[in-house]
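For reference, the structure is listed below as structure tokens.
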Amino acid sequence: YGTAGLARVVEMMSRAGLNVELEQTGNLDDISPAISLGVHRLVQESLTNVLRHAGHAPRAVVRVAREADTVTVEISDNGTGSAAPPTGGGGHGLVGMRERVAVLQGTLQVGRTPQGSWLVRARLPIE
């Protein structure tokens, strides 16, 4: 996963019609496989939700920042979708994201910003 994995997810979503910008700081290639997979899945699920729910001309920004002891992942859309949050079950959608972040002992915030965009923000401790 790591840096190359994030680039592949962004490329795949771009081919599916989502305008995605990736901003990454810090090295992701030396973190544990569990955290790396967690970051990858959060980005993948969030971008899938943007593609499903963001309406006309969907756009997303993915920010991943490696700090000394955490990785922060933020995914936001351009706020053109419905007011209803993306949902899902069986390991998908918000439920799956919450479960994944909890297993990794991180924190997750999701919801609308005052500007109307949908934001997913996770902080994952580096083991």
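Convention: chains lettered A, B, ... in structure tokens order; per-chain residue numbering from 1; ligands numbered from 1 as shown.
Residues in contact range of A:Arg66, defined as at most 7 Å between only C-alpha atoms, with sequence neighbours fewer than 6 positions away removed, read Thr25, Gly26, Asn27, Leu28 and Thr72 of chain A.
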Could the residues in this selection be written to a file with C-alpha atoms, as a PDB file, in the first residue's frame?
ATOM      1  CA  THR A  25       3.387  14.895   3.338  1.00  0.00           C
ATOM      2  CA  GLY A  26       5.786  12.577   5.088  1.00  0.00           C
ATOM      3  CA  ASN A  27       6.860   9.021   4.366  1.00  0.00           C
ATOM      4  CA  LEU A  28       4.109   6.409   4.341  1.00  0.00           C
ATOM      5  CA  THR A  72      -3.815  12.113   9.595  1.00  0.00           C
TER       6      THR A  72
END
Picked from stretch 4-80 of chain A by DSSP as strand (DSSP E), as a list in words: Asn19, Val20, Glu21, Leu22, Glu23, Gln24, Thr25, Arg59, Ala60, Val61, Val62, Arg63, Val64, Ala65, Arg66, Thr70, Val71, Thr72, Val73, Glu74, Ile75, Ser76 and Asp77 of chain A
Coordinates-based distance that separates atom CA of A:Thr70 from atom CA of A:Gly106 (Å, one decimal): 9.0 Å
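Note that the spacing between atom CA of A:Ala34 and atom CA of A:Asp77 amounts to 26.0 Å.
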A:Thr113, A:Ser36, A:Gln24, A:Thr3 ranked by distance to A:Val64, top pick (using only C-alpha atoms):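 Smallest distance to A:Val64 is found for A:Gln24.
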Near A:Ser14, within 12 Å and counting only C-alpha atoms, which residues show up once chain neighbours fewer than 6 positions away are dropped, as an mmCIF file with all heavy atoms, in the first residue's frame?
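The resulting file, around_0.cif, is reproduced below:
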data_model
loop_
_atom_site.group_PDB
_atom_site.id
_atom_site.type_symbol
_atom_site.label_atom_id
_atom_site.label_comp_id
_atom_site.auth_asym_id
_atom_site.auth_seq_id
_atom_site.Cartn_x
_atom_site.Cartn_y
_atom_site.Cartn_z
ATOM 1 N N ALA A 7 -1.621 6.432 -4.700
ATOM 2 C CA ALA A 7 -1.621 6.924 -6.086
ATOM 3 C C ALA A 7 -2.513 6.049 -6.967
ATOM 4 O O ALA A 7 -3.239 6.559 -7.827
ATOM 5 C CB ALA A 7 -0.198 6.974 -6.628
ATOM 6 N N ARG A 8 -2.489 4.723 -6.744
ATOM 7 C CA ARG A 8 -3.337 3.817 -7.539
ATOM 8 C C ARG A 8 -4.821 4.054 -7.262
ATOM 9 O O ARG A 8 -5.644 4.027 -8.179
ATOM 10 C CB ARG A 8 -2.965 2.368 -7.267
ATOM 11 C CG ARG A 8 -1.715 1.914 -8.000
ATOM 12 C CD ARG A 8 -1.508 0.415 -7.937
ATOM 13 N NE ARG A 8 -1.319 -0.092 -6.592
ATOM 14 C CZ ARG A 8 -0.145 -0.131 -5.946
ATOM 15 N NH1 ARG A 8 0.946 0.320 -6.532
ATOM 16 N NH2 ARG A 8 -0.078 -0.623 -4.727
ATOM 17 N N VAL A 20 -9.905 14.097 -8.535
ATOM 18 C CA VAL A 20 -9.277 13.898 -7.228
ATOM 19 C C VAL A 20 -7.921 14.577 -7.190
ATOM 20 O O VAL A 20 -7.111 14.426 -8.098
ATOM 21 C CB VAL A 20 -9.069 12.406 -6.912
ATOM 22 C CG1 VAL A 20 -8.532 12.226 -5.504
ATOM 23 C CG2 VAL A 20 -10.321 11.610 -7.115
ATOM 24 N N GLU A 21 -7.691 15.302 -6.104
ATOM 25 C CA GLU A 21 -6.387 15.906 -5.845
ATOM 26 C C GLU A 21 -5.806 15.220 -4.618
ATOM 27 O O GLU A 21 -6.483 15.079 -3.594
ATOM 28 C CB GLU A 21 -6.560 17.400 -5.581
ATOM 29 C CG GLU A 21 -5.280 18.131 -5.277
ATOM 30 C CD GLU A 21 -5.536 19.601 -4.975
ATOM 31 O OE1 GLU A 21 -6.593 20.127 -5.351
ATOM 32 O OE2 GLU A 21 -4.669 20.207 -4.333
ATOM 33 N N LEU A 22 -4.553 14.775 -4.697
ATOM 34 C CA LEU A 22 -3.875 14.110 -3.584
ATOM 35 C C LEU A 22 -2.759 14.999 -3.073
ATOM 36 O O LEU A 22 -1.898 15.417 -3.837
ATOM 37 C CB LEU A 22 -3.311 12.762 -4.036
ATOM 38 C CG LEU A 22 -2.456 11.987 -3.026
ATOM 39 C CD1 LEU A 22 -3.257 11.631 -1.779
ATOM 40 C CD2 LEU A 22 -1.866 10.744 -3.683
ATOM 41 N N GLN A 44 -10.042 4.875 -0.032
ATOM 42 C CA GLN A 44 -10.832 4.175 -1.047
ATOM 43 C C GLN A 44 -12.330 4.288 -0.767
ATOM 44 O O GLN A 44 -13.120 4.628 -1.652
ATOM 45 C CB GLN A 44 -10.400 2.721 -1.097
ATOM 46 C CG GLN A 44 -11.064 1.907 -2.179
ATOM 47 C CD GLN A 44 -10.523 0.483 -2.193
ATOM 48 O OE1 GLN A 44 -10.274 -0.116 -1.144
ATOM 49 N NE2 GLN A 44 -10.333 -0.052 -3.386
ATOM 50 N N LEU A 47 -13.587 8.005 -1.141
ATOM 51 C CA LEU A 47 -13.697 8.439 -2.536
ATOM 52 C C LEU A 47 -14.843 7.726 -3.243
ATOM 53 O O LEU A 47 -15.528 8.321 -4.080
ATOM 54 C CB LEU A 47 -12.379 8.216 -3.273
ATOM 55 C CG LEU A 47 -11.225 9.103 -2.824
ATOM 56 C CD1 LEU A 47 -9.958 8.762 -3.606
ATOM 57 C CD2 LEU A 47 -11.567 10.586 -2.949
ATOM 58 N N THR A 48 -15.085 6.480 -2.901
ATOM 59 C CA THR A 48 -16.245 5.771 -3.453
ATOM 60 C C THR A 48 -17.531 6.479 -3.049
ATOM 61 O O THR A 48 -18.439 6.667 -3.869
ATOM 62 C CB THR A 48 -16.253 4.304 -2.982
ATOM 63 O OG1 THR A 48 -15.069 3.668 -3.469
ATOM 64 C CG2 THR A 48 -17.477 3.564 -3.486
ATOM 65 N N VAL A 50 -17.855 9.666 -2.271
ATOM 66 C CA VAL A 50 -17.938 10.932 -3.018
ATOM 67 C C VAL A 50 -18.489 10.657 -4.409
ATOM 68 O O VAL A 50 -19.399 11.344 -4.877
ATOM 69 C CB VAL A 50 -16.567 11.635 -3.100
ATOM 70 C CG1 VAL A 50 -16.632 12.829 -4.059
ATOM 71 C CG2 VAL A 50 -16.108 12.086 -1.721
ATOM 72 N N LEU A 51 -17.960 9.644 -5.065
ATOM 73 C CA LEU A 51 -18.417 9.318 -6.418
ATOM 74 C C LEU A 51 -19.904 8.984 -6.437
ATOM 75 O O LEU A 51 -20.631 9.409 -7.327
ATOM 76 C CB LEU A 51 -17.596 8.153 -6.961
ATOM 77 C CG LEU A 51 -17.605 7.905 -8.454
ATOM 78 C CD1 LEU A 51 -17.174 9.147 -9.225
ATOM 79 C CD2 LEU A 51 -16.699 6.739 -8.789
ATOM 80 N N ALA A 57 -20.413 16.720 -11.388
ATOM 81 C CA ALA A 57 -19.010 17.143 -11.393
ATOM 82 C C ALA A 57 -18.335 16.923 -10.035
ATOM 83 O O ALA A 57 -17.837 17.851 -9.414
ATOM 84 C CB ALA A 57 -18.879 18.594 -11.833
ATOM 85 N N PRO A 58 -18.329 15.682 -9.568
ATOM 86 C CA PRO A 58 -17.749 15.427 -8.251
ATOM 87 C C PRO A 58 -16.251 15.715 -8.216
ATOM 88 O O PRO A 58 -15.525 15.460 -9.178
ATOM 89 C CB PRO A 58 -18.032 13.945 -8.019
ATOM 90 C CG PRO A 58 -18.192 13.359 -9.368
ATOM 91 C CD PRO A 58 -18.771 14.451 -10.214
ATOM 92 N N ARG A 59 -15.841 16.286 -7.106
ATOM 93 C CA ARG A 59 -14.438 16.633 -6.898
ATOM 94 C C ARG A 59 -14.090 16.295 -5.460
ATOM 95 O O ARG A 59 -14.895 16.487 -4.556
ATOM 96 C CB ARG A 59 -14.238 18.123 -7.140
ATOM 97 C CG ARG A 59 -12.815 18.582 -7.027
ATOM 98 C CD ARG A 59 -12.702 20.084 -7.349
ATOM 99 N NE ARG A 59 -11.436 20.599 -6.913
ATOM 100 C CZ ARG A 59 -11.122 20.915 -5.664
ATOM 101 N NH1 ARG A 59 -12.022 20.779 -4.705
ATOM 102 N NH2 ARG A 59 -9.938 21.355 -5.347
ATOM 103 N N ALA A 60 -12.892 15.799 -5.241
ATOM 104 C CA ALA A 60 -12.450 15.464 -3.887
ATOM 105 C C ALA A 60 -10.994 15.841 -3.704
ATOM 106 O O ALA A 60 -10.213 15.863 -4.659
ATOM 107 C CB ALA A 60 -12.633 13.977 -3.621
ATOM 108 N N VAL A 61 -10.666 16.141 -2.465
ATOM 109 C CA VAL A 61 -9.287 16.399 -2.079
ATOM 110 C C VAL A 61 -8.938 15.394 -0.992
ATOM 111 O O VAL A 61 -9.671 15.241 -0.012
ATOM 112 C CB VAL A 61 -9.092 17.838 -1.558
ATOM 113 C CG1 VAL A 61 -7.660 18.056 -1.097
ATOM 114 C CG2 VAL A 61 -9.472 18.853 -2.623
#
Among the residues A:Ala65, A:Val110, A:Val120, A:Ala54, the one that comes closest to A:Leu18 [using only C-alpha atoms]: A:Ala54
Minimum-distance residue to A:Met97, chosen among A:Ala68, A:Ala16, A:Leu119, A:Val43 (using only C-alpha atoms): A:Val43
